[in-house]
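Peer 1: So here's final_14.cif, just mmCIF, C-alpha atoms:
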```
data_input
#
loop_
_atom_site.label_atom_id
_atom_site.label_comp_id
_atom_site.auth_asym_id
_atom_site.auth_seq_id
_atom_site.Cartn_x
_atom_site.Cartn_y
_atom_site.Cartn_z
CA MET A 1 119.42 104.20 90.12
CA MET A 2 120.85 100.99 91.50
CA VAL A 3 119.92 97.40 90.62
CA THR A 4 120.44 94.82 93.38
CA PRO A 5 119.78 91.08 93.72
CA LEU A 6 116.28 90.14 94.87
CA ASN A 7 117.61 88.61 98.10
CA VAL A 8 119.35 91.83 99.20
CA SER A 9 117.36 94.29 101.30
CA ASP A 10 117.37 97.98 100.42
CA THR A 11 118.65 99.01 103.82
CA ASP A 12 121.69 96.73 103.48
CA GLU A 13 122.54 98.45 100.19
CA PHE A 14 122.30 101.97 101.60
CA ASP A 15 126.07 102.49 101.78
CA ASN A 16 126.56 101.12 98.25
CA VAL A 17 123.93 103.53 96.95
CA LEU A 18 125.75 106.42 98.63
CA THR A 19 129.03 105.31 97.07
CA ASP A 20 127.44 105.24 93.62
CA MET A 21 125.83 108.63 94.17
CA GLY A 22 129.14 110.08 95.29
CA ILE A 23 130.63 109.34 91.87
CA PHE A 24 128.24 111.76 90.18
CA ILE A 25 127.39 114.36 92.81
CA ASP A 26 128.90 116.01 95.86
CA LEU A 27 126.95 114.47 98.74
CA HIS A 28 127.73 117.51 100.88
CA LYS A 29 125.65 119.67 98.54
CA VAL A 30 122.47 117.60 98.65
CA ILE A 31 119.97 116.51 101.29
CA LEU A 32 119.29 112.79 101.68
CA VAL A 33 115.59 112.11 102.19
CA PHE A 34 114.57 108.55 103.03
CA ASP A 35 111.86 106.64 104.87
CA LYS A 36 111.84 104.81 108.19
CA GLY A 37 112.97 101.60 106.52
CA TYR A 38 116.49 103.03 106.64
CA TRP A 39 116.30 104.05 110.31
CA TYR A 40 119.60 103.13 111.94
CA TYR A 41 121.28 105.08 114.76
CA LYS A 42 124.78 104.24 113.60
CA ARG A 43 123.90 105.44 110.09
CA PHE A 44 122.70 108.81 111.41
CA LYS A 45 125.90 109.19 113.39
CA GLU A 46 128.10 108.32 110.40
CA LEU A 47 126.25 110.65 108.02
CA THR A 48 126.52 113.51 110.48
CA GLY A 49 130.21 112.80 111.03
CA LYS A 50 130.78 113.00 107.25
CA GLY A 51 128.84 116.26 106.99
CA ILE A 52 126.05 114.69 104.93
CA ARG A 53 122.61 116.15 105.66
CA PHE A 54 119.49 113.99 105.92
CA ILE A 55 115.79 114.03 106.78
CA VAL A 56 113.87 110.94 107.90
CA PRO A 57 110.46 110.47 109.55
CA MET A 58 110.74 110.05 113.31
CA LYS A 59 110.36 106.45 114.39
CA LYS A 60 107.69 105.73 116.95
CA GLY A 61 109.21 104.69 120.24
CA ALA A 62 112.63 106.18 119.50
CA ARG A 63 114.36 107.19 122.72
CA TYR A 64 115.99 110.59 123.05
CA GLN A 65 116.74 113.44 125.42
CA VAL A 66 115.38 116.94 124.72
CA LEU A 67 118.10 119.59 125.04
CA SER A 68 116.09 122.63 123.93
CA GLN A 69 112.75 123.39 122.32
CA GLU A 70 110.70 126.02 120.51
CA ARG A 71 106.95 125.78 120.08
CA THR A 72 104.44 127.65 117.93
CA LYS A 73 100.92 126.89 116.72
CA LYS A 74 102.29 125.47 113.47
CA TYR A 75 105.25 123.46 114.71
CA SER A 76 107.46 122.30 117.57
CA ASP A 77 111.22 122.37 117.10
CA TYR A 78 113.48 120.33 119.39
CA ILE A 79 117.21 119.82 119.71
CA VAL A 80 117.64 116.23 120.85
CA GLU A 81 120.26 113.64 121.64
CA LEU A 82 119.37 110.10 120.61
CA ASN A 83 120.11 107.50 123.25
CA ASP A 84 122.43 105.52 120.99
CA THR A 85 124.29 108.51 119.54
CA ALA A 86 125.70 110.17 122.64
CA GLY A 87 127.53 113.42 122.01
CA ILE A 88 125.80 114.22 118.70
CA ASN A 89 122.82 116.55 118.56
CA PHE A 90 119.97 116.09 116.14
CA ARG A 91 116.82 118.02 115.45
CA LEU A 92 113.27 116.77 115.89
CA VAL A 93 110.78 118.80 113.87
CA VAL A 94 107.07 118.31 114.57
CA ILE A 95 104.59 119.92 112.17
CA HIS A 96 101.09 120.29 113.59
CA THR A 97 98.25 119.65 111.12
CA ASN A 98 94.51 119.09 111.34
CA LYS A 99 95.11 115.40 110.63
CA GLY A 100 97.80 114.98 113.28
CA ASP A 101 101.47 115.65 113.83
CA LEU A 102 104.21 115.00 111.26
CA GLU A 103 107.57 114.26 112.87
CA TYR A 104 110.97 114.41 111.20
CA LEU A 105 114.48 113.72 112.46
CA THR A 106 117.27 115.67 110.79
CA ASN A 107 120.79 116.97 111.27
CA ILE A 108 119.98 120.22 109.45
CA PHE A 109 119.90 123.26 111.71
CA ASP A 110 119.87 126.15 109.22
CA MET A 111 116.38 125.60 107.77
CA ASN A 112 113.07 126.40 109.40
CA PRO A 113 110.63 123.55 110.24
CA LEU A 114 108.35 124.24 107.27
CA GLN A 115 111.33 124.02 104.91
CA ILE A 116 112.23 120.66 106.45
CA LYS A 117 108.71 119.41 105.74
CA PHE A 118 108.84 120.79 102.19
CA CYS A 119 112.09 118.93 101.49
CA TYR A 120 110.63 115.66 102.70
CA ASP A 121 107.42 116.20 100.73
CA MET A 122 109.48 116.45 97.55
CA ARG A 123 110.35 112.79 98.03
CA TRP A 124 106.76 111.93 97.16
CA ASP A 125 107.23 113.33 93.66
CA MET A 126 109.59 110.42 93.01
CA GLU A 127 107.18 107.96 94.64
CA ILE A 128 104.37 109.19 92.38
CA PHE A 129 106.66 108.96 89.36
CA ASN A 130 107.62 105.37 90.22
CA LYS A 131 103.97 104.44 90.74
CA GLU A 132 103.05 105.93 87.37
CA LEU A 133 105.82 103.99 85.65
CA LYS A 134 104.74 100.73 87.28
CA SER A 135 101.01 101.14 86.71
CA ASN A 136 100.98 102.76 83.26
CA LEU A 137 104.03 101.29 81.56
CA LYS A 138 103.98 97.83 83.14
CA ILE A 139 107.44 97.70 84.65
CA THR A 140 106.26 95.53 87.54
CA HIS A 141 107.62 92.38 85.89
CA LEU A 142 111.24 92.08 84.80
CA ILE A 143 111.67 90.03 81.63
CA SER A 144 115.36 89.36 82.26
CA GLU A 145 117.44 88.20 85.22
CA ASN A 146 120.59 89.59 83.64
CA LEU A 147 121.79 93.01 84.85
CA ASN A 148 122.12 94.42 81.33
CA GLY A 149 118.68 93.10 80.46
CA VAL A 150 117.15 94.74 83.53
CA LEU A 151 118.84 98.05 82.75
CA ILE A 152 117.69 97.91 79.12
CA GLN A 153 114.09 97.33 80.25
CA ILE A 154 114.21 100.17 82.78
CA PHE A 155 115.79 102.68 80.41
CA SER A 156 113.47 101.66 77.58
CA THR A 157 110.53 102.31 79.89
CA LEU A 158 111.93 105.72 80.84
CA ILE A 159 112.42 106.60 77.17
CA ALA A 160 108.84 105.54 76.40
CA TYR A 161 107.56 107.66 79.29
CA LEU A 162 109.52 110.70 78.09
CA LEU A 163 108.23 110.26 74.53
CA ILE A 164 104.65 110.14 75.81
CA ALA A 165 105.31 113.22 77.95
CA LEU A 166 106.74 114.99 74.88
CA PHE A 167 103.66 113.98 72.88
CA ARG A 168 101.37 115.47 75.54
CA ILE A 169 103.33 118.72 75.69
CA THR A 170 103.74 119.09 71.92
CA HIS A 171 100.04 118.55 71.23
CA ASN A 172 98.73 120.21 74.38
CA SER A 173 96.91 117.02 75.28
CA LEU A 174 95.24 116.31 78.62
CA LEU A 175 94.79 112.62 77.88
CA PRO A 176 96.12 110.23 80.55
CA VAL A 177 99.26 108.23 79.87
CA LEU A 178 97.36 104.96 79.37
CA GLU A 179 95.11 106.49 76.72
CA ILE A 180 98.03 107.97 74.80
CA LYS A 181 99.86 104.66 75.05
CA ARG A 182 96.82 102.88 73.61
CA LEU A 183 96.51 105.38 70.75
CA LEU A 184 100.18 105.16 69.89
CA ARG A 185 100.00 101.37 69.94
CA TYR A 186 97.08 101.20 67.51
CA TYR A 187 97.70 104.32 65.43
CA GLY A 188 101.45 104.75 65.80
CA THR A 189 102.06 104.52 62.07
CA TYR A 190 99.67 107.39 61.36
CA GLY A 191 100.19 111.10 61.84
CA VAL A 192 98.22 113.13 64.37
CA LYS A 193 95.87 114.38 61.65
CA LYS A 194 95.05 110.82 60.62
CA VAL A 195 94.49 109.80 64.25
CA ARG A 196 91.88 112.55 64.57
CA GLU A 197 90.08 111.15 61.54
CA LEU A 198 90.22 107.54 62.73
CA SER A 199 89.29 108.21 66.34
CA PRO A 200 87.87 111.73 66.72
CA LYS A 201 86.08 111.00 70.01
CA SER A 202 88.92 109.27 71.80
CA ILE A 203 91.58 111.92 71.33
CA THR A 204 91.50 115.63 71.98
CA ILE A 205 94.55 117.45 70.73
CA SER A 206 94.64 121.18 70.18
#
```
What do you get writing this file as structure tokens?

Peer 2:
Amino acid sequence: MMVTPLNVSDTDEFDNVLTDMGIFIDLHKVILVFDKGYWYYKRFKELTGKGIRFIVPMKKGARYQVLSQERTKKYSDYIVELNDTAGINFRLVVIHTNKGDLEYLTNIFDMNPLQIKFCYDMRWDMEIFNKELKSNLKITHLISENLNGVLIQIFSTLIAYLLIALFRITHNSLLPVLEIKRLLRYYGTYGVKKVRELSPKSITIS
């Protein structure tokens, strides 16, 4: 996680994020998965030169030369050279679906096209998690402009989310996060047994 000033765009902070990540993990052992907002030919060239693997959705209108191709009913797999990255080969993976084609640009050559799609789809797990935090735990508004204050709010929210998740697992509850949050807010000083007595219809815990 990285906190940046409001007037700094995410794409401008890409290199700083990589630097921070490199402190904790070996970037050569992971796959970077990001959206088209970070599309930058020079960036792709630099990542490839450093041996860092990535997957990004193909940008509409991107210019490239096809060097080789393989086509099946499920996918098309191309080796391409982007116009602004002469001398470096990339891979364009196109997954054919009933709703249209899904296109990905990557510098990974030792995974099949469906694995490339699977890796990118995993990115949505984080998107869903972020959406759940924002919508259920109200982290859309920062109460502090100080870095430490922002970090405290974010980590407090994460702790609250984990406690709610633990509550759901421990009590085998299928209640949504908002409902559990409401119950804990109003009945937090009571035990689970007392909550059942006070609100038997609004909570189902086995």

Peer 1: Point out the residue among A:Arg91, A:Arg185, A:Lys50, A:Lys45 with the least atom-to-atom distance to Asn112 in chain A, counting all atoms listed in the file.

Peer 2: A:Arg91

Peer 1: With the PyMOL selection byres ((chain A and resi 29-44) around 7) as the selection, what would be picked from this file? Answer as a PyMOL selection string, please.

Peer 2: chain A and resi 11+26-28+45-48+53-57+59+84-85+120+123

Peer 1: For Ser156 in chain A, which residue out of A:Ile95, A:Val17, A:Leu174, A:Ile139 is the nearest one, using all atoms listed in the file?

Peer 2: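 For Ser156 in chain A, the nearest of the given residues is A:Ile139.
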
Peer 1: State, in Å with one decimal place, the distance from CA of Leu178 in chain A to CA of Ile128 in chain A.

Peer 2: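 We find that CA of Leu178 in chain A and CA of Ile128 in chain A lie 15.4 Å from each other.
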
Peer 1: For the atom pair CA of Lys60 in chain A and CA of Ile88 in chain A, what is the interatomic distance in Å to one decimal place?

Peer 2: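 Separation of CA of Lys60 in chain A and CA of Ile88 in chain A: 20.1 Å.
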